[in-house]
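J.: Below: one structure in C-alpha cells.
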Amino acid sequence: MNTNTTLRLAVRSLSKSYGYGAATLQVLKDITFDVHAGEFVCVVGPSGAGKTTLLRCLTSLMPLSSGEVLLDGEKQTGPSPKISIVFQEYTRSLMPWMTAEKNVALALHNRKLPSAKERELSRDALASVGLQGSEARYPWQMSGGMQQRVAIARALVTEPEVLVMDEPFASIDAQTKLELEDLTLSLQRSRNMTVMLVTHDIDEAVYLSDRIVVLSKNPASVQEIVAVELGKERDQFTTRESHLFGEMRSHVLSLIRHSQAQAKAAAA
Amino acid sequence: MTNERRIAMGAALPLCILTGYAIWTSNTRNPYFPPLWDIARRFQELWLFERVASDVLPSLRNLLFGYAIAVILGIIVGLALGRVKILSLLFTPLLDFARSIPVIMLIPPFVLVLGIGDASKLAIIALGAFFPIVLATIDGLRRTDPALLDVTRSLRLPWWKEITVAWLPSAAPSIAGGMQTGLQFAFILMVASEMLAAIRGLGYVTMQAQLTFDSTSVWAGIVLLAILGFLLNTAFIAIRDHVLRWYVESRATARSR
C-alpha cells in the first residue's frame, strides 16, 4: 500500500437496527473501516449478513441508527453527488421507457448543462463501457450484461470520486461477468476512482480488491480486513492461478465459514 | 398473421349477423325489427350528412372536452391522492362515497343547476370519466418499483423530475386502462344526458324517434352510436399503443425470450 494515501470514505461505528423495543433487530453493529482514494475495496460476508443494508447506509439511501459516514472528512446526511451507485438488479434500475442515452443523461440532470453537452457526455460514457452504437436502444432490447453496462455508464457520467456497487454481477452469466470485472478494474485504474463493491463471490472479491472487508453475521460486524497483495495488474488467467490468490481465497472463505458456523450455533 | 387477414377474420361474424338479420326481416312487417334496407335508408336520410353538423359534432365536442377535463383532473388528483398521505386520508373516503353514486342519477340535478345546454353535458361527462381515471392513477402509482426510486434518490432528482421520469411512466399502463374505461363512461353519459334533457344531439334525436314509435329511426341512431363508439375506441387504442410503445414492445420481447 502507498504511504501517501488520502482518506476518502470513513465509516465510523456504524450501526443499524430495524424495529422498536423487544422486536428490535440489529443488522449492523459497530462497523468501522476506511477506504482510501483510488482504492478498490470489496465487502464480503455470508448471505443474509446485511451487505446491502450497509451499502444503503453508506450512500444515505437509508438512515443510520448510530455512527457516521465521512466522505472527504464531511459527514454524510444525504445522497452525495460525489458518489455513484450501480445497483444489483439492472432490470429494475434502468427506466424501461427511456433509451440507453436518456437513462445515462438522467444522472446529469442537476448539472443543468446545455442539451448538446449532455448528449455528448452521455455518449462518451456509453462508449467508455463499450456501448457505442447502442445509444438509441431501450434496456429491454439489450442483454443483461449490456443493461448493466448502461447502469455503469450512468454511474460514470458524473465523474464520481467514489463508485459504489451492490453485487453488480450477481445475476449475469459467467463469461460476461469476467468481462465486466475487467471493465470495472480498467475504468477504476484509468479514472483513479475509489470503488467499493459488495459481493458474496469470494473469488470476485479477491480478484478485484486491494483490500477486503469481511463481515460476520447476526449482527454484521467487521471480522477482519484483508489486504490483497496481488499488485495493480490483474489478469483473469494468471492472477486467478497464482499461489497467493489461492491462499487469499482460502483465508477469506475460512473466515466466512467460521462466522456462519458461529451464527448457526448462536441460533441453536 | 397479416393485417388484412386479421380484419377479414374480425369482420366475418358481424357480416354473418347482418346477413341473418336482413334475411329474417325481409318478408315480415315486424314494427320493432324493420328490414335492414329500411334502416340503412333511414340512416342515410337522418345522418348523412345534414345532422352531422347540427347534432353529431356538438355531441362529440362535448364528449371530447368533457373527457379531456376528466383526464387532466383525474391524473392530477390521482397524483395528489397517491403521493400525499394527508390528502389521501382526507379525501379518499369522500371519493369512495361519491363514486358509488351512479352518475346517470346526477343528470337531473346537474341540469337543474347548469341548464339543458352544453355546460351540464360537459360537467356530467367529465365527472363520469373522472372516477375511473383517478382510481387507476392511484393504483398505478403503487406499482412504481422501489428500486427505481432508489435510483432517482441517488441521482438527487427534484420531486417533479422524479414524478415525470419514475412515478408517472410506471403508472402509465394502469392510467391508460382507467382512461379507456373513462372513455366508455363518457360516451354512455353523452348519450344519456341528451336523452334526458336536451334540444339537440344524437341521444335527443334517437329519443324523439322512440317517443313517436319510429323504430326505424331508433335503429338508425343505434347504428350511428355503434359506429362512433367503435371508432373512438379504435382511435384510443392506436394512440395508447403509440404512447406506450415501450410497454407494448418490452412485454412482447419478454414473452419471446
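Each chain of the C-alpha cells is named A, B, ... in the order shown, its residues numbered from 1; ligands are numbered from 1 in display order.
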Identify, on the basis of only C-alpha atoms, every residue whose closest approach to stretch 47-56 of chain B does not exceed 9 Å; exclude the query and any residue fewer than 3 positions from it along the same chain; express the result as a list in words.
T.: Arg42, Phe43, Gln44, Ser59, Leu60, Arg61, Arg200, Gly201, Leu202, Tyr204, Val205, Ala220, Gly221 and Leu224 of chain B
J.: Just to be explicit: take each residue in the selection above, keep N, CA and C atoms, and write the result as a PDB file, in the first residue's frame.
T.:
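As a result, result21.pdb now contains:
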ATOM      1  N   ARG B  42     -82.972   4.970 -43.802  1.00  0.00           N
ATOM      2  CA  ARG B  42     -83.256   5.983 -42.780  1.00  0.00           C
ATOM      3  C   ARG B  42     -81.953   6.576 -42.223  1.00  0.00           C
ATOM      4  N   PHE B  43     -80.977   5.710 -42.065  1.00  0.00           N
ATOM      5  CA  PHE B  43     -79.664   6.150 -41.593  1.00  0.00           C
ATOM      6  C   PHE B  43     -79.110   7.227 -42.519  1.00  0.00           C
ATOM      7  N   GLN B  44     -79.248   6.956 -43.827  1.00  0.00           N
ATOM      8  CA  GLN B  44     -78.747   7.919 -44.807  1.00  0.00           C
ATOM      9  C   GLN B  44     -79.535   9.228 -44.731  1.00  0.00           C
ATOM     10  N   SER B  59     -72.318  16.997 -30.098  1.00  0.00           N
ATOM     11  CA  SER B  59     -72.244  15.917 -29.106  1.00  0.00           C
ATOM     12  C   SER B  59     -70.800  15.462 -28.916  1.00  0.00           C
ATOM     13  N   LEU B  60     -70.104  15.264 -30.047  1.00  0.00           N
ATOM     14  CA  LEU B  60     -68.718  14.788 -29.959  1.00  0.00           C
ATOM     15  C   LEU B  60     -67.797  15.828 -29.322  1.00  0.00           C
ATOM     16  N   ARG B  61     -68.119  17.118 -29.592  1.00  0.00           N
ATOM     17  CA  ARG B  61     -67.304  18.168 -28.983  1.00  0.00           C
ATOM     18  C   ARG B  61     -67.453  18.129 -27.461  1.00  0.00           C
ATOM     19  N   ARG B 200     -81.079  19.048 -28.792  1.00  0.00           N
ATOM     20  CA  ARG B 200     -80.421  18.547 -29.991  1.00  0.00           C
ATOM     21  C   ARG B 200     -79.420  17.481 -29.578  1.00  0.00           C
ATOM     22  N   GLY B 201     -78.803  16.872 -30.575  1.00  0.00           N
ATOM     23  CA  GLY B 201     -77.792  15.862 -30.272  1.00  0.00           C
ATOM     24  C   GLY B 201     -78.278  14.484 -30.660  1.00  0.00           C
ATOM     25  N   LEU B 202     -77.295  13.580 -30.731  1.00  0.00           N
ATOM     26  CA  LEU B 202     -77.544  12.197 -31.106  1.00  0.00           C
ATOM     27  C   LEU B 202     -78.586  11.516 -30.232  1.00  0.00           C
ATOM     28  N   TYR B 204     -80.750  12.894 -28.266  1.00  0.00           N
ATOM     29  CA  TYR B 204     -82.034  13.587 -28.355  1.00  0.00           C
ATOM     30  C   TYR B 204     -82.820  13.098 -29.568  1.00  0.00           C
ATOM     31  N   VAL B 205     -82.189  13.070 -30.731  1.00  0.00           N
ATOM     32  CA  VAL B 205     -82.868  12.665 -31.967  1.00  0.00           C
ATOM     33  C   VAL B 205     -83.385  11.238 -31.842  1.00  0.00           C
ATOM     34  N   ALA B 220     -81.558   3.343 -36.628  1.00  0.00           N
ATOM     35  CA  ALA B 220     -80.569   4.144 -37.361  1.00  0.00           C
ATOM     36  C   ALA B 220     -79.657   4.884 -36.382  1.00  0.00           C
ATOM     37  N   GLY B 221     -80.262   5.398 -35.285  1.00  0.00           N
ATOM     38  CA  GLY B 221     -79.468   6.089 -34.254  1.00  0.00           C
ATOM     39  C   GLY B 221     -78.503   5.144 -33.557  1.00  0.00           C
ATOM     40  N   LEU B 224     -75.530   4.441 -35.726  1.00  0.00           N
ATOM     41  CA  LEU B 224     -74.552   5.541 -35.703  1.00  0.00           C
ATOM     42  C   LEU B 224     -73.743   5.519 -34.404  1.00  0.00           C
TER      43      LEU B 224
END
J.: Please, which residues of chain B lie no more than 9 Å from chain A when the count uses only C-alpha atoms, and can they be set out as a list in words?
T.: Asp145, Pro146, Ala147, Leu148, Leu149, Asp150, Val151, Thr152, Arg153, Ser154, Leu155, Arg156, Leu157, Pro158, Lys161, Val165, Ala166, Pro169, Ser170, Leu244, Arg245, Trp246, Tyr247, Glu249, Ser250, Arg251, Thr253 and Ala254 of chain B
J.: Which neighbours of A:Gly50 fall inside 12 Å, counting only C-alpha atoms, when residues of the same chain fewer than 6 positions from it are skipped, and could you give them as a PDB file with N, CA and C atoms, in the first residue's frame?
T.:
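For reference, out36.pdb as written:
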ATOM      1  N   SER A  15     -23.981   1.594  13.060  1.00  0.00           N
ATOM      2  CA  SER A  15     -24.917   0.550  13.494  1.00  0.00           C
ATOM      3  C   SER A  15     -26.267   0.808  12.876  1.00  0.00           C
ATOM      4  N   LYS A  16     -26.993  -0.290  12.658  1.00  0.00           N
ATOM      5  CA  LYS A  16     -28.327  -0.147  12.080  1.00  0.00           C
ATOM      6  C   LYS A  16     -29.244  -1.202  12.673  1.00  0.00           C
ATOM      7  N   SER A  17     -30.383  -0.750  13.171  1.00  0.00           N
ATOM      8  CA  SER A  17     -31.386  -1.690  13.689  1.00  0.00           C
ATOM      9  C   SER A  17     -32.712  -1.404  13.028  1.00  0.00           C
ATOM     10  N   TYR A  18     -33.504  -2.446  12.871  1.00  0.00           N
ATOM     11  CA  TYR A  18     -34.883  -2.288  12.399  1.00  0.00           C
ATOM     12  C   TYR A  18     -35.821  -2.527  13.568  1.00  0.00           C
ATOM     13  N   LEU A  25     -34.346  -5.572  15.694  1.00  0.00           N
ATOM     14  CA  LEU A  25     -33.412  -6.492  15.059  1.00  0.00           C
ATOM     15  C   LEU A  25     -32.186  -5.694  14.656  1.00  0.00           C
ATOM     16  N   GLN A  26     -31.045  -6.026  15.284  1.00  0.00           N
ATOM     17  CA  GLN A  26     -29.835  -5.317  14.908  1.00  0.00           C
ATOM     18  C   GLN A  26     -29.196  -6.009  13.711  1.00  0.00           C
ATOM     19  N   VAL A  27     -28.956  -5.230  12.655  1.00  0.00           N
ATOM     20  CA  VAL A  27     -28.406  -5.801  11.431  1.00  0.00           C
ATOM     21  C   VAL A  27     -26.916  -5.489  11.323  1.00  0.00           C
ATOM     22  N   LEU A  28     -26.556  -4.247  11.617  1.00  0.00           N
ATOM     23  CA  LEU A  28     -25.155  -3.840  11.531  1.00  0.00           C
ATOM     24  C   LEU A  28     -24.708  -3.381  12.910  1.00  0.00           C
ATOM     25  N   LYS A  29     -23.518  -3.843  13.336  1.00  0.00           N
ATOM     26  CA  LYS A  29     -23.059  -3.492  14.673  1.00  0.00           C
ATOM     27  C   LYS A  29     -21.654  -2.914  14.629  1.00  0.00           C
ATOM     28  N   ILE A  31     -19.701  -0.894  12.866  1.00  0.00           N
ATOM     29  CA  ILE A  31     -18.823  -1.134  11.721  1.00  0.00           C
ATOM     30  C   ILE A  31     -17.913   0.067  11.479  1.00  0.00           C
ATOM     31  N   VAL A  43     -16.571  -5.657  -0.042  1.00  0.00           N
ATOM     32  CA  VAL A  43     -17.159  -6.097   1.212  1.00  0.00           C
ATOM     33  C   VAL A  43     -17.779  -7.462   0.953  1.00  0.00           C
ATOM     34  N   VAL A  44     -17.296  -8.484   1.689  1.00  0.00           N
ATOM     35  CA  VAL A  44     -17.898  -9.806   1.537  1.00  0.00           C
ATOM     36  C   VAL A  44     -18.426 -10.255   2.891  1.00  0.00           C
ATOM     37  N   ARG A  56     -26.595   0.643   1.597  1.00  0.00           N
ATOM     38  CA  ARG A  56     -27.644   1.673   1.591  1.00  0.00           C
ATOM     39  C   ARG A  56     -27.396   2.720   2.662  1.00  0.00           C
ATOM     40  N   CYS A  57     -26.824   2.287   3.795  1.00  0.00           N
ATOM     41  CA  CYS A  57     -26.492   3.253   4.847  1.00  0.00           C
ATOM     42  C   CYS A  57     -25.342   4.158   4.401  1.00  0.00           C
ATOM     43  N   ASP A 166     -23.406  -2.638  -5.782  1.00  0.00           N
ATOM     44  CA  ASP A 166     -24.092  -3.628  -4.956  1.00  0.00           C
ATOM     45  C   ASP A 166     -24.278  -4.923  -5.741  1.00  0.00           C
ATOM     46  N   VAL A 198     -19.787  -4.545  -3.135  1.00  0.00           N
ATOM     47  CA  VAL A 198     -20.314  -5.568  -2.239  1.00  0.00           C
ATOM     48  C   VAL A 198     -20.557  -6.825  -3.050  1.00  0.00           C
ATOM     49  N   THR A 199     -20.118  -7.969  -2.537  1.00  0.00           N
ATOM     50  CA  THR A 199     -20.336  -9.211  -3.281  1.00  0.00           C
ATOM     51  C   THR A 199     -20.415 -10.386  -2.320  1.00  0.00           C
ATOM     52  N   HIS A 200     -21.021 -11.480  -2.784  1.00  0.00           N
ATOM     53  CA  HIS A 200     -20.961 -12.708  -1.988  1.00  0.00           C
ATOM     54  C   HIS A 200     -19.972 -13.677  -2.626  1.00  0.00           C
ATOM     55  N   VAL A 214     -14.216  -8.234   5.523  1.00  0.00           N
ATOM     56  CA  VAL A 214     -15.001  -9.450   5.728  1.00  0.00           C
ATOM     57  C   VAL A 214     -15.964  -9.237   6.884  1.00  0.00           C
ATOM     58  N   LEU A 215     -17.238  -9.425   6.614  1.00  0.00           N
ATOM     59  CA  LEU A 215     -18.252  -9.217   7.644  1.00  0.00           C
ATOM     60  C   LEU A 215     -18.620 -10.546   8.295  1.00  0.00           C
ATOM     61  N   SER A 216     -18.998 -10.475   9.569  1.00  0.00           N
ATOM     62  CA  SER A 216     -19.590 -11.630  10.229  1.00  0.00           C
ATOM     63  C   SER A 216     -21.096 -11.450  10.179  1.00  0.00           C
ATOM     64  N   LYS A 217     -21.820 -12.376  10.806  1.00  0.00           N
ATOM     65  CA  LYS A 217     -23.271 -12.373  10.642  1.00  0.00           C
ATOM     66  C   LYS A 217     -23.980 -12.221  11.980  1.00  0.00           C
ATOM     67  N   ASN A 218     -25.186 -11.653  11.934  1.00  0.00           N
ATOM     68  CA  ASN A 218     -26.130 -11.605  13.071  1.00  0.00           C
ATOM     69  C   ASN A 218     -25.589 -11.019  14.370  1.00  0.00           C
ATOM     70  N   PRO A 219     -25.429  -9.760  14.552  1.00  0.00           N
ATOM     71  CA  PRO A 219     -25.464  -8.724  13.531  1.00  0.00           C
ATOM     72  C   PRO A 219     -24.139  -8.669  12.790  1.00  0.00           C
ATOM     73  N   ALA A 220     -24.133  -8.012  11.637  1.00  0.00           N
ATOM     74  CA  ALA A 220     -22.909  -7.915  10.851  1.00  0.00           C
ATOM     75  C   ALA A 220     -21.933  -6.951  11.528  1.00  0.00           C
ATOM     76  N   SER A 221     -20.713  -7.428  11.723  1.00  0.00           N
ATOM     77  CA  SER A 221     -19.663  -6.518  12.175  1.00  0.00           C
ATOM     78  C   SER A 221     -18.390  -6.888  11.415  1.00  0.00           C
ATOM     79  N   VAL A 222     -17.392  -6.012  11.497  1.00  0.00           N
ATOM     80  CA  VAL A 222     -16.178  -6.276  10.720  1.00  0.00           C
ATOM     81  C   VAL A 222     -15.391  -7.382  11.398  1.00  0.00           C
TER      82      VAL A 222
END
J.: Could you pull the residues within 9 Å of B:Pro34, counting only C-alpha atoms, minus those fewer than 4 positions along the same chain, as an NGL selection string?
T.: :B and (25-26 or 28-30 or 38-39 or 215-216 or 219)
J.: Grab the residues selected above and save them as a tab-separated table (two decimals), in the first residue's frame with C-alpha atoms.
T.:
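Output file selection.tsv follows:
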chain	number	residue	atom	x	y	z
B	25	THR	CA	-86.65	-9.26	-41.67
B	26	SER	CA	-87.00	-9.30	-45.47
B	28	THR	CA	-92.02	-9.68	-42.30
B	29	ARG	CA	-93.65	-6.46	-41.18
B	30	ASN	CA	-92.49	-6.54	-37.58
B	38	ASP	CA	-85.19	0.47	-44.33
B	39	ILE	CA	-82.74	1.10	-41.52
B	215	SER	CA	-88.39	2.18	-34.55
B	216	THR	CA	-86.56	2.50	-37.86
B	219	TRP	CA	-82.24	1.61	-35.05
J.: So which residues touch A:Arg123 within 12 Å, counting only C-alpha atoms, skipping near sequence neighbours fewer than 3 positions away, as a VMD selection string?
T.: chain A and resid 99 to 105 116 to 120 126 to 136 150 153 to 154 156 to 157
J.: Keeping N, CA and C atoms for every residue in the selection just given, could you write it to a file as a CSV table (one decimal), in the first residue's frame?
T.:
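The result, written out as again16.csv:
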chain,number,residue,atom,x,y,z
A,99,THR,N,-34.4,5.5,-23.6
A,99,THR,CA,-33.3,4.9,-24.3
A,99,THR,C,-32.0,4.9,-23.4
A,100,ALA,N,-31.0,4.1,-23.8
A,100,ALA,CA,-29.8,4.0,-23.1
A,100,ALA,C,-29.2,5.4,-22.8
A,101,GLU,N,-29.2,6.2,-23.9
A,101,GLU,CA,-28.6,7.6,-23.8
A,101,GLU,C,-29.4,8.4,-22.7
A,102,LYS,N,-30.7,8.3,-22.8
A,102,LYS,CA,-31.6,9.1,-21.9
A,102,LYS,C,-31.4,8.7,-20.4
A,103,ASN,N,-31.2,7.3,-20.3
A,103,ASN,CA,-31.0,6.8,-19.0
A,103,ASN,C,-29.7,7.4,-18.4
A,104,VAL,N,-28.7,7.4,-19.2
A,104,VAL,CA,-27.4,7.9,-18.7
A,104,VAL,C,-27.5,9.4,-18.5
A,105,ALA,N,-28.2,10.1,-19.4
A,105,ALA,CA,-28.3,11.6,-19.2
A,105,ALA,C,-29.0,12.0,-18.0
A,116,ALA,N,-26.8,19.7,-25.9
A,116,ALA,CA,-25.8,19.2,-26.7
A,116,ALA,C,-24.6,18.6,-25.9
A,117,LYS,N,-24.3,19.3,-24.9
A,117,LYS,CA,-23.2,18.9,-24.0
A,117,LYS,C,-23.6,17.6,-23.2
A,118,GLU,N,-24.9,17.6,-22.7
A,118,GLU,CA,-25.4,16.5,-22.0
A,118,GLU,C,-25.4,15.2,-22.9
A,119,ARG,N,-25.7,15.4,-24.1
A,119,ARG,CA,-25.8,14.3,-25.1
A,119,ARG,C,-24.3,13.8,-25.3
A,120,GLU,N,-23.4,14.7,-25.5
A,120,GLU,CA,-22.0,14.3,-25.8
A,120,GLU,C,-21.4,13.5,-24.6
A,126,LEU,N,-21.2,6.1,-22.5
A,126,LEU,CA,-21.7,4.8,-23.1
A,126,LEU,C,-20.5,4.2,-23.9
A,127,ALA,N,-19.7,5.0,-24.6
A,127,ALA,CA,-18.6,4.5,-25.4
A,127,ALA,C,-17.6,3.9,-24.5
A,128,SER,N,-17.4,4.5,-23.3
A,128,SER,CA,-16.3,4.0,-22.4
A,128,SER,C,-16.7,2.7,-21.8
A,129,VAL,N,-17.9,2.3,-21.8
A,129,VAL,CA,-18.3,0.9,-21.4
A,129,VAL,C,-18.5,0.0,-22.6
A,130,GLY,N,-18.1,0.5,-23.8
A,130,GLY,CA,-18.2,-0.4,-25.0
A,130,GLY,C,-19.6,-0.4,-25.6
A,131,LEU,N,-20.4,0.6,-25.4
A,131,LEU,CA,-21.7,0.6,-26.0
A,131,LEU,C,-22.0,1.6,-27.1
A,132,GLN,N,-20.9,2.0,-27.8
A,132,GLN,CA,-21.1,3.0,-28.9
A,132,GLN,C,-22.0,2.3,-29.9
A,133,GLY,N,-23.0,3.1,-30.4
A,133,GLY,CA,-23.9,2.5,-31.4
A,133,GLY,C,-25.2,2.0,-30.8
A,134,SER,N,-25.2,1.9,-29.4
A,134,SER,CA,-26.4,1.4,-28.8
A,134,SER,C,-27.2,2.5,-28.1
A,135,GLU,N,-26.8,3.7,-28.4
A,135,GLU,CA,-27.4,4.8,-27.6
A,135,GLU,C,-28.9,4.9,-27.7
A,136,ALA,N,-29.5,4.5,-28.9
A,136,ALA,CA,-30.9,4.7,-29.1
A,136,ALA,C,-31.7,3.4,-28.7
A,150,VAL,N,-24.9,-0.1,-19.2
A,150,VAL,CA,-25.6,1.2,-19.3
A,150,VAL,C,-25.7,1.7,-17.8
A,153,ALA,N,-22.4,3.1,-17.1
A,153,ALA,CA,-22.2,4.4,-17.8
A,153,ALA,C,-22.9,5.5,-17.1
A,154,ARG,N,-24.1,5.2,-16.6
A,154,ARG,CA,-24.8,6.3,-15.9
A,154,ARG,C,-24.1,6.7,-14.6
A,156,LEU,N,-20.8,6.5,-14.2
A,156,LEU,CA,-19.6,7.2,-14.5
A,156,LEU,C,-19.7,8.6,-15.1
A,157,VAL,N,-20.9,8.9,-15.7
A,157,VAL,CA,-21.0,10.1,-16.5
A,157,VAL,C,-20.8,11.3,-15.6
